[in-house]
file coords18.tsv (TSV, C-alpha atoms and all ligand atoms)
chain	number	residue	atom	x	y	z
S	1	MET	CA	67.62	-13.78	41.60
S	2	PHE	CA	66.97	-10.07	41.05
S	3	SER	CA	69.27	-7.41	42.48
S	4	LEU	CA	67.42	-4.73	44.45
S	5	GLU	CA	67.75	-2.34	41.49
S	6	GLU	CA	66.31	-4.90	39.07
S	7	ALA	CA	63.50	-5.71	41.50
S	8	LYS	CA	62.63	-1.99	41.67
S	9	ASN	CA	62.44	-1.88	37.85
S	10	VAL	CA	60.08	-4.86	37.87
S	11	ALA	CA	57.90	-3.11	40.48
S	12	HIS	CA	57.94	0.04	38.36
S	13	VAL	CA	56.79	-1.86	35.26
S	14	LEU	CA	54.01	-3.59	37.19
S	15	VAL	CA	52.78	-0.29	38.59
S	16	GLU	CA	52.84	1.30	35.12
S	17	ALA	CA	50.46	-1.45	34.01
S	18	LEU	CA	47.99	-0.81	36.85
S	19	PRO	CA	45.86	1.93	35.19
S	20	TYR	CA	45.53	-0.25	32.09
S	21	ILE	CA	44.56	-3.29	34.13
S	22	ASN	CA	41.93	-1.18	35.93
S	23	ARG	CA	40.60	0.11	32.62
S	24	PHE	CA	40.34	-3.27	30.91
S	25	VAL	CA	39.33	-5.59	33.73
S	26	GLY	CA	36.13	-7.45	32.82
S	27	LYS	CA	36.41	-6.31	29.18
S	28	THR	CA	36.70	-8.55	26.13
S	29	ILE	CA	39.66	-8.28	23.79
S	30	VAL	CA	39.66	-10.23	20.52
S	31	ILE	CA	43.11	-11.14	19.26
S	32	LYS	CA	43.77	-12.37	15.73
S	33	TYR	CA	46.87	-14.53	16.02
S	34	GLY	CA	48.87	-15.09	12.86
S	35	GLY	CA	52.10	-14.57	10.98
S	36	ASN	CA	55.54	-15.18	12.55
S	37	ALA	CA	54.11	-15.04	16.07
S	38	MET	CA	52.46	-18.35	15.22
S	39	VAL	CA	55.61	-20.00	13.86
S	40	ALA	CA	58.75	-18.90	15.76
S	41	GLU	CA	59.09	-20.90	19.00
S	42	ASP	CA	60.10	-17.96	21.26
S	43	LEU	CA	57.29	-15.77	19.87
S	44	LYS	CA	54.75	-18.57	20.29
S	45	ASN	CA	55.70	-18.92	23.95
S	46	SER	CA	55.62	-15.18	24.60
S	47	PHE	CA	52.19	-14.97	22.94
S	48	ALA	CA	50.80	-17.78	25.11
S	49	ARG	CA	52.08	-16.14	28.27
S	50	ASP	CA	50.65	-12.74	27.25
S	51	ILE	CA	47.23	-14.29	26.80
S	52	ILE	CA	47.39	-16.07	30.15
S	53	LEU	CA	48.53	-12.91	31.93
S	54	MET	CA	45.59	-11.00	30.43
S	55	LYS	CA	43.22	-13.68	31.65
S	56	ARG	CA	44.74	-13.77	35.14
S	57	VAL	CA	44.29	-10.01	35.61
S	58	GLY	CA	40.60	-10.29	34.73
S	59	ILE	CA	40.48	-9.47	31.00
S	60	ASN	CA	38.64	-11.86	28.65
S	61	PRO	CA	40.92	-12.67	25.72
S	62	ILE	CA	39.37	-14.44	22.74
S	63	VAL	CA	41.89	-15.82	20.26
S	64	VAL	CA	41.08	-16.25	16.57
S	65	HIS	CA	43.90	-17.81	14.61
S	66	GLY	CA	44.99	-17.86	10.98
S	67	GLY	CA	47.14	-20.49	9.34
S	68	GLY	CA	47.37	-19.48	5.69
S	69	PRO	CA	51.07	-20.45	5.40
S	70	GLN	CA	50.42	-23.82	7.07
S	71	ILE	CA	47.57	-24.53	4.60
S	72	GLY	CA	49.85	-23.46	1.75
S	73	ASP	CA	52.59	-25.85	2.94
S	74	LEU	CA	50.31	-28.87	3.02
S	75	LEU	CA	48.75	-28.01	-0.34
S	76	LYS	CA	52.26	-27.79	-1.79
S	77	ARG	CA	53.22	-31.17	-0.35
S	78	LEU	CA	50.12	-32.59	-2.02
S	79	GLY	CA	51.08	-30.97	-5.32
S	80	LYS	CA	48.35	-28.33	-5.25
S	81	GLN	CA	48.94	-24.70	-6.10
S	82	SER	CA	47.60	-21.91	-3.81
S	83	GLU	CA	45.66	-19.20	-5.60
S	84	PHE	CA	44.34	-15.98	-4.07
S	85	PHE	CA	41.80	-13.39	-5.12
S	86	GLN	CA	41.84	-10.10	-3.19
S	87	GLY	CA	43.63	-11.73	-0.26
S	88	MET	CA	41.23	-14.75	-0.15
S	89	ARG	CA	42.27	-18.33	-0.94
S	90	VAL	CA	40.41	-19.82	-3.89
S	91	THR	CA	38.95	-22.92	-2.20
S	92	ASP	CA	37.73	-25.94	-4.18
S	93	SER	CA	36.27	-28.99	-2.37
S	94	GLU	CA	39.61	-30.71	-1.95
S	95	THR	CA	41.20	-27.50	-0.63
S	96	MET	CA	38.30	-27.09	1.80
S	97	ASP	CA	39.10	-30.50	3.30
S	98	ILE	CA	42.74	-29.49	3.72
S	99	VAL	CA	41.76	-26.13	5.25
S	100	GLN	CA	39.56	-27.93	7.75
S	101	MET	CA	42.30	-30.44	8.65
S	102	VAL	CA	44.99	-27.80	9.03
S	103	LEU	CA	43.01	-25.07	10.79
S	104	GLY	CA	40.55	-27.12	12.84
S	105	GLY	CA	43.03	-29.92	13.56
S	106	LEU	CA	46.69	-29.09	13.53
S	107	VAL	CA	46.87	-25.35	14.13
S	108	ASN	CA	43.97	-25.05	16.56
S	109	LYS	CA	45.20	-27.90	18.76
S	110	ASP	CA	48.78	-26.59	18.68
S	111	ILE	CA	47.64	-23.24	20.08
S	112	VAL	CA	45.37	-24.82	22.68
S	113	THR	CA	48.22	-27.08	23.80
S	114	LEU	CA	50.64	-24.17	23.94
S	115	ILE	CA	48.39	-22.01	26.12
S	116	ASN	CA	47.53	-24.92	28.39
S	117	ARG	CA	51.17	-25.95	28.74
S	118	HIS	CA	51.92	-22.47	30.08
S	119	GLY	CA	49.17	-22.75	32.69
S	120	GLY	CA	46.10	-21.44	30.86
S	121	ASN	CA	42.76	-23.09	30.28
S	122	ALA	CA	42.14	-22.90	26.56
S	123	VAL	CA	39.37	-24.61	24.61
S	124	GLY	CA	39.55	-24.87	20.82
S	125	LEU	CA	36.58	-24.67	18.49
S	126	THR	CA	35.67	-24.06	14.88
S	127	GLY	CA	32.52	-22.20	13.88
S	128	LYS	CA	30.91	-25.59	13.30
S	129	ASP	CA	30.89	-26.32	17.06
S	130	ALA	CA	27.44	-25.39	18.34
S	131	ARG	CA	27.08	-23.86	14.85
S	132	PHE	CA	28.31	-20.65	16.39
S	133	ILE	CA	29.72	-19.09	13.19
S	134	ARG	CA	27.10	-19.22	10.43
S	135	ALA	CA	28.46	-18.43	7.02
S	136	LYS	CA	27.32	-17.79	3.50
S	137	LYS	CA	29.18	-17.95	0.24
S	138	LEU	CA	31.34	-14.95	-0.55
S	139	THR	CA	31.27	-13.86	-4.15
S	140	PHE	CA	32.98	-10.98	-5.88
S	141	THR	CA	31.82	-9.10	-8.94
S	142	ARG	CA	33.93	-7.48	-11.61
S	143	ASN	CA	32.83	-5.04	-14.32
S	144	SER	CA	33.61	-6.55	-17.67
S	145	PRO	CA	33.84	-4.42	-20.83
S	146	GLU	CA	32.33	-7.29	-22.93
S	147	LEU	CA	29.28	-7.82	-20.73
S	148	ASN	CA	26.77	-5.21	-19.64
S	149	VAL	CA	26.15	-6.97	-16.33
S	150	PRO	CA	28.87	-7.37	-13.68
S	151	GLU	CA	30.77	-10.64	-13.96
S	152	ILE	CA	30.52	-12.89	-10.88
S	153	ILE	CA	33.83	-14.28	-9.59
S	154	ASP	CA	33.33	-17.62	-7.86
S	155	ILE	CA	36.20	-18.51	-5.50
S	156	GLY	CA	34.64	-21.72	-4.23
S	157	HIS	CA	33.96	-22.58	-0.58
S	158	VAL	CA	34.98	-19.18	0.74
S	159	GLY	CA	32.53	-17.70	3.16
S	160	GLU	CA	31.64	-14.53	4.96
S	161	VAL	CA	30.09	-14.46	8.40
S	162	SER	CA	26.31	-14.19	8.26
S	163	GLN	CA	25.58	-14.64	11.97
S	164	ILE	CA	27.36	-15.39	15.23
S	165	ASP	CA	25.65	-17.17	18.11
S	166	ILE	CA	27.61	-16.11	21.18
S	167	ARG	CA	26.06	-18.58	23.63
S	168	ILE	CA	28.91	-21.08	23.48
S	169	LEU	CA	31.44	-18.28	24.00
S	170	ASN	CA	29.53	-16.98	27.00
S	171	THR	CA	29.48	-20.49	28.47
S	172	LEU	CA	33.25	-20.75	28.05
S	173	LEU	CA	33.85	-17.30	29.50
S	174	GLN	CA	31.65	-18.09	32.51
S	175	GLY	CA	33.80	-21.16	33.10
S	176	ASP	CA	36.93	-19.00	32.87
S	177	PHE	CA	38.15	-20.74	29.71
S	178	ILE	CA	40.09	-19.04	26.92
S	179	PRO	CA	38.33	-19.66	23.58
S	180	VAL	CA	40.67	-20.39	20.65
S	181	ILE	CA	38.77	-20.17	17.37
S	182	ALA	CA	39.58	-21.58	13.92
S	183	PRO	CA	38.00	-19.51	11.12
S	184	ILE	CA	35.67	-22.12	9.64
S	185	GLY	CA	31.99	-21.36	9.29
S	186	VAL	CA	28.95	-23.53	8.75
S	187	GLY	CA	26.34	-22.98	6.05
S	188	GLU	CA	22.58	-23.48	6.28
S	189	ASP	CA	22.94	-27.01	4.93
S	190	GLY	CA	25.89	-27.88	7.18
S	191	GLN	CA	28.64	-27.35	4.64
S	192	SER	CA	31.98	-25.87	5.65
S	193	TYR	CA	33.18	-22.45	4.62
S	194	ASN	CA	36.75	-21.20	4.64
S	195	ILE	CA	36.67	-17.69	6.10
S	196	ASN	CA	39.57	-15.29	6.29
S	197	ALA	CA	40.61	-15.18	9.95
S	198	ASP	CA	40.68	-11.38	10.07
S	199	LEU	CA	37.01	-11.30	9.04
S	200	VAL	CA	36.05	-13.75	11.79
S	201	ALA	CA	38.01	-11.80	14.40
S	202	GLY	CA	36.40	-8.54	13.25
S	203	LYS	CA	32.85	-9.92	13.34
S	204	LEU	CA	33.40	-11.48	16.77
S	205	ALA	CA	34.72	-8.18	18.10
S	206	GLU	CA	31.61	-6.49	16.67
S	207	VAL	CA	29.01	-8.85	18.11
S	208	LEU	CA	30.73	-8.96	21.50
S	209	THR	CA	31.23	-5.17	21.41
S	210	ALA	CA	34.80	-5.89	22.41
S	211	GLU	CA	36.94	-3.22	23.97
S	212	LYS	CA	39.66	-3.91	21.43
S	213	LEU	CA	40.45	-5.94	18.37
S	214	MET	CA	44.14	-6.72	17.93
S	215	LEU	CA	45.42	-8.07	14.62
S	216	LEU	CA	48.92	-9.54	14.80
S	217	THR	CA	50.75	-9.65	11.52
S	218	ASN	CA	54.17	-9.75	9.88
S	219	ALA	CA	54.45	-6.03	9.26
S	220	ALA	CA	55.12	-3.16	11.66
S	221	GLY	CA	51.55	-1.99	11.02
S	222	VAL	CA	49.88	-0.46	7.98
S	223	LEU	CA	52.78	1.01	6.00
S	224	ASP	CA	52.95	3.86	3.50
S	225	LYS	CA	55.00	3.64	0.29
S	226	GLU	CA	58.18	4.62	2.21
S	227	ASN	CA	57.50	1.89	4.83
S	228	ASN	CA	56.54	4.32	7.59
S	229	VAL	CA	53.87	3.05	9.98
S	230	LEU	CA	50.58	4.86	9.41
S	231	THR	CA	48.30	5.47	12.35
S	232	GLY	CA	45.02	7.28	13.12
S	233	LEU	CA	43.48	5.94	9.88
S	234	ASN	CA	39.86	6.52	8.92
S	235	ARG	CA	37.69	5.17	6.07
S	236	GLU	CA	38.42	8.05	3.69
S	237	LYS	CA	42.18	7.82	4.06
S	238	VAL	CA	42.05	4.02	3.73
S	239	GLN	CA	40.07	4.30	0.46
S	240	GLU	CA	42.81	6.55	-0.95
S	241	LEU	CA	45.52	4.11	0.15
S	242	ILE	CA	43.68	1.20	-1.50
S	243	ALA	CA	43.06	3.16	-4.71
S	244	ASP	CA	46.75	4.07	-5.12
S	245	GLY	CA	47.89	0.51	-4.31
S	246	THR	CA	49.57	1.29	-0.97
S	247	ILE	CA	47.26	-1.19	0.77
S	248	HIS	CA	46.88	-4.48	-1.11
S	249	GLY	CA	46.86	-8.27	-0.74
S	250	GLY	CA	46.56	-9.65	2.80
S	251	MET	CA	46.22	-6.16	4.27
S	252	LEU	CA	42.88	-5.62	2.47
S	253	PRO	CA	40.72	-7.91	4.65
S	254	LYS	CA	42.52	-6.64	7.77
S	255	ILE	CA	41.85	-2.99	7.12
S	256	GLY	CA	38.29	-3.68	5.95
S	257	CYS	CA	37.36	-5.53	9.12
S	258	ALA	CA	39.14	-2.93	11.25
S	259	LEU	CA	36.98	-0.14	9.81
S	260	ASP	CA	33.79	-2.20	10.15
S	261	ALA	CA	34.64	-3.07	13.76
S	262	VAL	CA	35.16	0.53	14.88
S	263	SER	CA	31.98	1.61	13.04
S	264	ALA	CA	30.12	-1.11	14.97
S	265	GLY	CA	31.27	0.13	18.38
S	266	VAL	CA	34.61	-1.56	19.05
S	267	ASN	CA	36.67	1.05	20.85
S	268	ALA	CA	39.96	0.55	19.05
S	269	VAL	CA	41.60	-1.73	16.52
S	270	HIS	CA	45.36	-2.27	16.60
S	271	ILE	CA	47.27	-3.78	13.69
S	272	ILE	CA	50.51	-4.80	15.36
S	273	ASP	CA	53.80	-6.49	14.64
S	274	GLY	CA	53.66	-10.11	15.78
S	275	ARG	CA	57.41	-10.37	15.17
S	276	ILE	CA	57.99	-8.39	18.38
S	277	GLU	CA	58.15	-10.44	21.55
S	278	HIS	CA	55.21	-9.70	23.91
S	279	ALA	CA	53.56	-7.54	21.21
S	280	VAL	CA	50.15	-7.99	22.87
S	281	LEU	CA	51.25	-6.94	26.35
S	282	LEU	CA	53.23	-3.99	25.04
S	283	GLU	CA	50.16	-2.72	23.24
S	284	ILE	CA	47.75	-3.18	26.12
S	285	PHE	CA	49.73	-2.44	29.25
S	286	THR	CA	52.27	0.25	28.39
S	287	ASN	CA	52.19	3.90	27.42
S	288	SER	CA	54.20	3.22	24.28
S	289	GLY	CA	51.75	1.49	21.92
S	290	ILE	CA	53.08	-0.19	18.80
S	291	GLY	CA	51.67	-0.46	15.26
S	292	THR	CA	48.65	1.13	13.61
S	293	LEU	CA	45.74	2.32	15.73
S	294	ILE	CA	42.30	2.70	14.14
S	295	LYS	CA	39.53	4.44	16.07
S	296	ALA	CA	36.03	5.47	15.06
I	301	LIG	N1	50.18	-1.00	3.21
I	301	LIG	C1	50.58	-2.18	3.73
I	301	LIG	N2	51.20	-2.21	4.93
I	301	LIG	C2	51.63	-3.37	5.47
I	301	LIG	N3	51.48	-4.57	4.85
I	301	LIG	C3	50.87	-4.60	3.64
I	301	LIG	C4	50.40	-3.41	3.03
I	301	LIG	N4	49.84	-3.75	1.84
I	301	LIG	C5	49.97	-5.06	1.71
I	301	LIG	N5	50.59	-5.60	2.77
I	301	LIG	C6	50.90	-7.02	2.91
I	301	LIG	O1	49.96	-7.61	3.79
I	301	LIG	C7	50.65	-8.61	4.55
I	301	LIG	C8	49.81	-8.98	5.76
I	301	LIG	O2	48.77	-9.82	5.35
I	301	LIG	P1	48.87	-11.41	5.50
I	301	LIG	O3	50.11	-11.89	4.83
I	301	LIG	O4	47.57	-11.99	5.06
I	301	LIG	O5	49.11	-11.50	7.05
I	301	LIG	P2	48.61	-12.49	8.19
I	301	LIG	O6	49.12	-13.84	7.82
I	301	LIG	O7	49.23	-11.90	9.39
I	301	LIG	O8	47.10	-12.39	8.20
I	301	LIG	C9	51.99	-7.95	4.84
I	301	LIG	O9	52.98	-8.88	5.22
I	301	LIG	C10	52.29	-7.28	3.51
I	301	LIG	O10	52.95	-8.16	2.64
I	302	LIG	C1	39.40	-17.43	2.63
I	302	LIG	C2	40.79	-17.47	3.17
I	302	LIG	O1	41.70	-16.89	2.57
I	302	LIG	N1	40.98	-18.15	4.30
I	302	LIG	C3	42.26	-18.30	4.90
I	302	LIG	C4	42.05	-18.83	6.33
I	302	LIG	C5	43.30	-18.78	7.16
I	302	LIG	C6	43.78	-17.37	7.38
I	302	LIG	O2	43.07	-16.38	7.30
I	302	LIG	O3	45.11	-17.34	7.70
I	302	LIG	P1	46.09	-16.08	7.81
I	302	LIG	O4	45.49	-15.13	8.78
I	302	LIG	O5	47.35	-16.69	8.30
I	302	LIG	O6	46.21	-15.47	6.44
I	302	LIG	C7	43.17	-19.25	4.09
I	302	LIG	O7	42.67	-20.19	3.50
I	302	LIG	O8	44.39	-19.02	4.09
call {"tool": "encode", "arguments": {"input": "coords18.tsv", "output": "structure tokens"}}
result
Amino acid sequence: MFSLEEAKNVAHVLVEALPYINRFVGKTIVIKYGGNAMVAEDLKNSFARDIILMKRVGINPIVVHGGGPQIGDLLKRLGKQSEFFQGMRVTDSETMDIVQMVLGGLVNKDIVTLINRHGGNAVGLTGKDARFIRAKKLTFTRNSPELNVPEIIDIGHVGEVSQIDIRILNTLLQGDFIPVIAPIGVGEDGQSYNINADLVAGKLAEVLTAEKLMLLTNAAGVLDKENNVLTGLNREKVQELIADGTIHGGMLPKIGCALDAVSAGVNAVHIIDGRIEHAVLLEIFTNSGIGTLIKA
């Protein structure tokens, strides 16, 4: 039971959220779910409730999940080493099978179950369902002093999004379902591609012209060399931070897709700390935003 004072505080908090609810009602928000928020039990529950609350007040949340650590764990148990190139997992055929089992099976169904257990109506899919995420092979090139043509780096079944068919998502949204998406794409010939989850979330936000893209991670935001949270970043500043090594590893795909999303018309991208309980609600419904904000 609340005391009268506590009840007044609750009322105050609800009223503070009202302008944000009014602003975002009917809008789509794409949330990349990953890091600790996807592992720690209390954070998992708070995330699920945040998503349901968003849905209940009339916002359309679309969840795209990661699962890199979970893939890494299973590979380790099977005696396979994880290898990354510029934040992307090098994916041979055997690894692709594991990625599909872990992301499309275990992780996706865990999140769907979690949201539904808290009273939501989530439906899980990979990009192979209705072939809604078409992918093509992602290759990198590197200038080699010995060769006069750039060297091609082949990291296996890693894809980039070539096209998104939003019909299945629209069908789910019309039915008031919460889509929960595993980042697996389908090639022209039906083969599976392992796509970094940030890239999928970014592309979805672009094609849906989402109001916001929120990327939950295990850092307080994009950090400078002294670990201060950077905000108000633009492409030029980001290029400097990449060149001097401040932004590296797993932050590279995040920042890249954030810049692409705002250039393509997404209003704002937030890189936020998934280690904070109710990180999503705090960012959307309060005056005190958290993490790094990127705007066009
Ligand atoms: N400038 C930076 N600011 C914050 N994190 C950074 C930065 N550069 C690299 N990183 C690394 O990127 C990680 C986030 O990427 P990743 O581990 O792939 O996260 P997720 O699993 O949430 O997608 C951080 O935990 C940190 O180790
Ligand atoms: C190509 C590539 O790297 N794919 C990722 C897909 C999962 C993912 O992106 O998970 P996180 O967001 O938890 O890192 C992987 O295999 O780990």
call {"tool": "residues_near_ligand", "arguments": {"input": "coords18.tsv", "ligand": "ligand LIG 302 (chain I)", "cutoff": "8 Å", "atoms": "all atoms listed in the file", "output": "PyMOL selection string"}}
result
chain S and resi 32-35+65-72+84+87-91+99+103+158-159+183-184+194-198+250
call {"tool": "closest_residue", "arguments": {"input": "coords18.tsv", "among": "S:Asp92, S:Asn36, S:Lys203, S:Ala135", "to": "ligand LIG 301 (chain I)", "atoms": "only C-alpha atoms and all ligand atoms"}}
result
S:Asn36
call {"tool": "closest_residue", "arguments": {"input": "coords18.tsv", "among": "S:Asn143, S:Ser46, S:Asn9, S:Gln86", "to": "ligand LIG 301 (chain I)", "atoms": "all atoms listed in the file"}}
result
S:Gln86
call {"tool": "atom_distance", "arguments": {"input": "coords18.tsv", "atom1": "CA of Val39 (chain S)", "atom2": "CA of Asn108 (chain S)"}}
result
13.0 Å
call {"tool": "residues_around", "arguments": {"input": "coords18.tsv", "residues": "region 269-278 of chain S", "least_positions_apart": "6", "cutoff": "8 Å", "atoms": "all atoms listed in the file", "output": "VMD selection string"}}
result
chain S and resid 34 to 37 42 to 43 46 to 47 50 212 to 222 258 261 to 262 290 to 295
call {"tool": "atom_distance", "arguments": {"input": "coords18.tsv", "atom1": "CA of Asn227 (chain S)", "atom2": "CA of Asp73 (chain S)"}}
result
28.2 Å
call {"tool": "atom_distance", "arguments": {"input": "coords18.tsv", "atom1": "atom O1 of ligand LIG 301 (chain I)", "atom2": "CA of His248 (chain S)"}}
result
6.6 Å
call {"tool": "closest_residue", "arguments": {"input": "coords18.tsv", "among": "S:Leu223, S:Val30, S:Ala7, S:Ala182", "to": "Gln100 (chain S)", "atoms": "all atoms listed in the file"}}
result
S:Ala182
call {"tool": "residues_around", "arguments": {"input": "coords18.tsv", "residues": "Ile168 (chain S)", "least_positions_apart": "6", "cutoff": "9 Å", "atoms": "only C-alpha atoms", "output": "compact mmCIF listing (two decimals) with C-alpha atoms, keeping the file's coordinate frame"}}
result
# COMPACT_ATOMS: atom_id res chain seq x y z
CA ASP S 129 30.89 -26.32 17.06
CA ALA S 130 27.44 -25.39 18.34
CA PHE S 132 28.31 -20.65 16.39
call {"tool": "closest_residue", "arguments": {"input": "coords18.tsv", "among": "S:Val123, S:Leu114, S:Leu53, S:Leu74", "to": "Ile284 (chain S)", "atoms": "all atoms listed in the file"}}
result
S:Leu53
